[in-house]
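*Asks:* Here's a structure for you.
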Amino acid sequence: MRTTAHRTAARAAALVTAAALALAACGGAGGAADSGGSGEPVTGGTLVYLDKGTFDTLYPPQAGFYPNGGLVNNVTDRLVHQNPATLELEPWLATDWEINEDATEYTFTIRDDVTFSDGAPLTAEVVAQNFDLYGLGDEDRALIVSEAVNNYASSEVVDDTHVTFHFDAPAPGFLQATATINSGILAPSTLEGAFEDFGPGNAVNVIGTGPFVITDEEIGTSVTLTAREDYDWAPASADHQGRAYVDEVQVQVTPEASVRVGALLSGQADLAREVPAQDEERVTGAGLDLFAPQTRGVNNSLSLRIGNDILADLRVRQALVAGVDRQAIVDTLFTDNYPLATSILSSEATGYIDTSEHYDYDPTRAEQLLDEAGWEVGPDGIRVKDGQVLTLTVNEALPQPRSFEVVTQISQQLREIGVDLQILRADAGTYAEAIQDADQVQIYHSMVGRADMDVIKSQFYSTNRNTLLNRDPQTDQITDPELEGLLEAVASEPEHEARIAASQAVQTYLAENAYVIPLFEEPQVFGAQPDIRGVAAESVGRPTFYGMWLDR
């Protein structure tokens, strides 16, 4: 192994600030949360888990959608474990690692006692194959590069238990990237598949080393996870070792919130994700428990598409920011589990800086800015400039909590300053096309969770999620090259403190240029029966079933 700096606990902590962050929960803390009671954990039984949506892909680099990630998190392991209570990076499939000084070379020592659920052994060669795919993608199979992996060049298999990864430029976020579900390690047989092989109808063929294996799938309806009897390589900080406690998890798709909450209250379900804010009191009032881990990344927010002619004017963007009463939205639609955003990043995110001074609600100033920009109030109260009506469109973001109600309230607020905000509610095909066009959707509602500073690049960089459409998808033209450079610095600065400064520079730049309107810090809110023990989530709120057990 050719490195100039070895892995130590201090080095790992330097790459990811390990603040003592608790799982935000009613009655629980840390990576696992209990609802009380006593007794030793018991093995057996079926956990019925309700999710809002069905998965659409189990290809790890594209599995960020929470129904996807909830499955990938439990059927795959990662090289490194990110402790959800402390955010410290700990050994898992890799027992050790070494990083050179400029973070362009990482060498991992791989466990020699791990198997995939199809019996294939885990080797350094298999690990290399995984990251060659995740780092380079495969256009012929429609498998994309992982947004969590930056500047990837190649892998080098040193021997059966050692693999080195090389990068074209510093990649300080790579260690944490190996801890995300986007880097779930797959069996050689699964790696041979094309994009469609990871989709609905093929779940049982997605093979990992995780504590559960997918044994049954009813397309769009349910997925069955069955515990592996031979699993015995959980992270050392896990509450137990060996096989998972429950025999199986029945993941049932339940899109309607009323049905989801009703099934939970009636005892037909053990655990449910996305308990709506308006139903939290019903759940706790019935004696059930709530757990609300934060997603610790880019907050629930609106991205103002800067390539659009109307929004190209800074004064218009500033007017929109000043015209949105974010506190009123949080107060009327949400609970204490949804703190008002004070930056584009969560206050629990590494590198966070408070930029709330740029997001004050000031409708008088908003009207003055629109006046200065030449938008005059028309007879119906909506502003007009050179015959053009000040009409903008925002998308309803179905994965985000109460999105339609949020953007409806924002539409009402903006109407008070003369802006007509329309809401896009469309079928999947129309929606997917419209959100890639700044002349169809000028304001984009979204969020992304990841407990690493690279998350801000993932959200806004031109070849990642590109939520500002800084890169025009039709022409590939970049509207703001300076923003591109600032984002690249976050992903390429090897020194931890300098990387924090780079992240804070992006947060400040986005705020000063009125590119975003951060709304609230988004949690994943779970409701659980009081006899479900060990309720836990990974670092950004995806359920971890491994330590859960039934106290009944």
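Residue numbers start at 1 in each chain; chains themselves are named A, B, ... in the order of the structure tokens; ligands are numbered from 1 in the order shown.
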Gln459 in chain A: which residues within 8 Å, counting only C-alpha atoms, same-chain residues fewer than 5 positions away excluded, as a PyMOL selection string?
*Replies:* chain A and resi 298+447-448+464-467
*Asks:* List the spatial neighbours of Asp118 in chain A as a PyMOL selection string - criterion: any atom at most 12 Å away, only C-alpha atoms, same-chain residues fewer than 3 positions off excluded.
*Replies:* chain A and resi 114-115+121-122+186-190+204-210+212-215+228+230
*Asks:* Give the strand (DSSP E or B) residues of range 391-546 of chain A, as DSSP finds them on the backbone, and put them as a ChimeraX atom specification.
*Replies:* /A:391-395,420-424,443-448,471,478,516-520,523,526-528,532-533,535-537,543
*Asks:* Do you know which residues are at most 9 Å from Gly541 in chain A counting only C-alpha atoms, after dropping those on the same chain fewer than 3 positions away, and could you put them as an MDAnalysis selection string?
*Replies:* chainID A and resid 23 66 84 292:296 449 523:525 536:538 544
*Asks:* Among range 202-431 of chain A, which ones does DSSP place in alpha helix (DSSP H), written as a VMD selection string?
*Replies:* chain A and resid 257 to 265 280 to 285 314 to 322 326 to 333 363 to 372 403 to 415 428 to 431
*Asks:* May I have the selected residues written with C-alpha atoms, as a compact mmCIF listing (two decimals), in the first residue's frame?
*Replies:*
# COMPACT_ATOMS: atom_id res chain seq x y z
CA ALA A 257 -51.55 9.28 4.90
CA SER A 258 -54.96 8.66 6.45
CA VAL A 259 -54.73 4.95 5.68
CA ARG A 260 -51.13 4.78 6.93
CA VAL A 261 -51.95 6.48 10.22
CA GLY A 262 -55.21 4.57 10.58
CA ALA A 263 -53.44 1.23 10.18
CA LEU A 264 -50.89 2.27 12.77
CA LEU A 265 -53.54 3.41 15.26
CA GLU A 280 -48.60 13.65 15.22
CA GLU A 281 -50.86 14.45 18.19
CA ARG A 282 -53.27 11.65 17.21
CA VAL A 283 -50.41 9.17 17.25
CA THR A 284 -48.91 10.25 20.57
CA GLY A 285 -52.36 10.71 22.08
CA LEU A 314 -31.50 39.82 -8.76
CA ARG A 315 -34.16 42.29 -7.60
CA VAL A 316 -36.94 39.90 -8.57
CA ARG A 317 -35.30 37.03 -6.74
CA GLN A 318 -34.77 39.21 -3.67
CA ALA A 319 -38.42 40.24 -3.83
CA LEU A 320 -39.53 36.62 -3.85
CA VAL A 321 -37.35 35.88 -0.83
CA ALA A 322 -38.72 38.90 1.06
CA ARG A 326 -41.41 31.16 6.12
CA GLN A 327 -42.26 31.30 9.82
CA ALA A 328 -45.98 31.39 9.03
CA ILE A 329 -45.59 28.26 6.89
CA VAL A 330 -43.85 26.38 9.69
CA ASP A 331 -46.31 27.62 12.31
CA THR A 332 -49.45 26.73 10.38
CA LEU A 333 -48.44 23.48 8.67
CA PRO A 363 -43.33 42.47 1.93
CA THR A 364 -42.84 46.23 1.79
CA ARG A 365 -39.26 45.77 0.63
CA ALA A 366 -40.44 43.08 -1.79
CA GLU A 367 -42.86 45.53 -3.42
CA GLN A 368 -40.15 48.20 -3.64
CA LEU A 369 -37.77 45.77 -5.34
CA LEU A 370 -40.38 44.80 -7.92
CA ASP A 371 -41.12 48.47 -8.54
CA GLU A 372 -37.42 49.09 -9.12
CA SER A 403 -45.66 20.12 -0.48
CA PHE A 404 -48.92 21.17 -2.14
CA GLU A 405 -50.05 22.98 1.00
CA VAL A 406 -46.64 24.62 1.36
CA VAL A 407 -46.51 25.98 -2.19
CA THR A 408 -50.20 26.93 -2.02
CA GLN A 409 -49.52 29.09 1.03
CA ILE A 410 -46.48 30.59 -0.69
CA SER A 411 -48.63 31.33 -3.74
CA GLN A 412 -51.08 33.22 -1.53
CA GLN A 413 -48.27 35.18 0.12
CA LEU A 414 -46.66 36.15 -3.20
CA ARG A 415 -49.98 37.27 -4.61
CA ALA A 428 -44.83 11.57 -14.00
CA GLY A 429 -43.83 11.97 -17.64
CA THR A 430 -44.99 15.57 -17.96
CA TYR A 431 -43.47 16.42 -14.58
*Asks:* Return the single residue from A:Gly387, A:Pro379, A:Gly307, A:Pro91 that is closest to Ala238 in chain A, with distances computed using only C-alpha atoms.
*Replies:*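 Using only C-alpha atoms, Ala238 in chain A sits closest to A:Pro91.
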*Asks:* How many Å lie between CA of Val157 in chain A and CA of Thr109 in chain A, rounded to one decimal?
*Replies:*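 It comes out at 10.8 Å.
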*Asks:* Compare A:Ala426, A:Ile500, A:Val149, A:Ile310 by their minimum atom-to-atom distance to Gly374 in chain A, counting only C-alpha atoms, and give me the closest one.
*Replies:*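 Distance minimum relative to Gly374 in chain A lands on A:Ile310.
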*Asks:* Quick one: pull the distance between CA of Asp452 in chain A and CA of Ala103 in chain A, Å, one decimal.
*Replies:*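 So the answer is 15.4 Å.
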*Asks:* Select, from A:Glu396, A:Glu147, A:Glu229, A:Glu376, the residue with the minimum atom-to-atom distance to Ser458 in chain A, counting only C-alpha atoms.
*Replies:*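 Of the candidates, the smallest distance to Ser458 in chain A is held by A:Glu147.
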*Asks:* List the spatial neighbours of Arg450 in chain A as a VMD selection string - criterion: any atom at most 10 Å away, only C-alpha atoms, same-chain residues fewer than 5 positions off excluded.
*Replies:* chain A and resid 64 148 176 to 177 180 to 181 295 to 298 349 455 to 456 458 539 to 541
*Asks:* Just give me the gap between CA of Glu495 in chain A and CA of Ala179 in chain A in Å, one decimal is fine.
*Replies:*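 Those two atoms sit 19.8 Å apart.
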*Asks:* Counting only C-alpha atoms, which residue out of A:His496, A:Asp247, A:Phe65, A:Ala341 sits closest to Glu101 in chain A?
*Replies:*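 Looking at the shortest contact to Glu101 in chain A, the residue is A:His496.
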*Asks:* List as a PyMOL selection string the protein and nucleic acid residues near range 550-552 of chain A, meaning an atom at most 12 Å away when only C-alpha atoms are counted, but skip any in the same chain fewer than 3 places from it.
*Replies:* chain A and resi 34-48+244-249+270-271+528-535+545+547
*Asks:* Take the residues that were just selected and, keeping C-alpha atoms, output them as a PDB file, in the first residue's frame.
*Replies:*
ATOM      1  CA  ASP A  34     -36.625   2.811  22.461  1.00  0.00           C
ATOM      2  CA  SER A  35     -40.179   3.442  23.550  1.00  0.00           C
ATOM      3  CA  GLY A  36     -39.487   2.275  27.086  1.00  0.00           C
ATOM      4  CA  GLY A  37     -40.226  -0.998  28.783  1.00  0.00           C
ATOM      5  CA  SER A  38     -37.837  -3.659  29.983  1.00  0.00           C
ATOM      6  CA  GLY A  39     -36.620  -7.113  29.136  1.00  0.00           C
ATOM      7  CA  GLU A  40     -33.952  -8.667  26.957  1.00  0.00           C
ATOM      8  CA  PRO A  41     -34.281  -8.485  23.158  1.00  0.00           C
ATOM      9  CA  VAL A  42     -36.074 -11.470  21.662  1.00  0.00           C
ATOM     10  CA  THR A  43     -35.637 -13.072  18.257  1.00  0.00           C
ATOM     11  CA  GLY A  44     -38.533 -13.798  15.937  1.00  0.00           C
ATOM     12  CA  GLY A  45     -41.704 -12.369  14.518  1.00  0.00           C
ATOM     13  CA  THR A  46     -42.699 -10.195  11.588  1.00  0.00           C
ATOM     14  CA  LEU A  47     -42.414  -6.401  11.619  1.00  0.00           C
ATOM     15  CA  VAL A  48     -45.052  -4.694   9.467  1.00  0.00           C
ATOM     16  CA  ALA A 244     -31.283  -9.490  12.932  1.00  0.00           C
ATOM     17  CA  TYR A 245     -33.821  -9.948  15.716  1.00  0.00           C
ATOM     18  CA  VAL A 246     -36.986 -10.076  13.607  1.00  0.00           C
ATOM     19  CA  ASP A 247     -37.504 -12.952  11.186  1.00  0.00           C
ATOM     20  CA  GLU A 248     -38.846 -10.707   8.484  1.00  0.00           C
ATOM     21  CA  VAL A 249     -40.036  -7.221   7.630  1.00  0.00           C
ATOM     22  CA  ASP A 270     -45.912  -1.818  13.709  1.00  0.00           C
ATOM     23  CA  LEU A 271     -44.003   1.079  12.174  1.00  0.00           C
ATOM     24  CA  ALA A 528     -44.269   3.105  16.145  1.00  0.00           C
ATOM     25  CA  GLN A 529     -46.223   0.782  18.343  1.00  0.00           C
ATOM     26  CA  PRO A 530     -45.075   1.043  21.985  1.00  0.00           C
ATOM     27  CA  ASP A 531     -43.804  -2.556  21.935  1.00  0.00           C
ATOM     28  CA  ILE A 532     -41.371  -1.993  19.058  1.00  0.00           C
ATOM     29  CA  ARG A 533     -37.870  -1.745  20.500  1.00  0.00           C
ATOM     30  CA  GLY A 534     -34.650  -0.525  18.936  1.00  0.00           C
ATOM     31  CA  VAL A 535     -36.257   1.790  16.402  1.00  0.00           C
ATOM     32  CA  PHE A 545     -34.350  -2.782  10.888  1.00  0.00           C
ATOM     33  CA  GLY A 547     -31.699  -3.930  15.822  1.00  0.00           C
TER      34      GLY A 547
END
*Asks:* For Ala142 in chain A, which residue out of A:Val516, A:Leu340, A:Ala194, A:Ala269 is the nearest one, using only C-alpha atoms?
*Replies:*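 Checking each candidate against Ala142 in chain A, we get A:Ala194 as the closest.
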*Asks:* Hey, what's within 8 Å of Lys457 in chain A if we count only C-alpha atoms and toss same-chain stuff fewer than 6 positions away? As a tab-separated table (two decimals) with C-alpha atoms, in the first residue's frame, please?
*Replies:*
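Ended up saving to around_11.tsv:
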chain	number	residue	atom	x	y	z
A	464	ASN	CA	-25.42	16.51	-10.30
A	487	LEU	CA	-19.13	24.00	-5.44
A	488	GLU	CA	-16.10	22.26	-6.90
A	490	VAL	CA	-16.29	21.90	-1.48
A	491	ALA	CA	-15.73	18.54	-3.14
*Asks:* When distances are computed from only C-alpha atoms, which of A:Tyr59, A:Phe195, A:Tyr338, A:Trp233 shows the smallest separation from Leu79 in chain A?
*Replies:*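 Under the stated criterion, the closest residue is A:Trp233.
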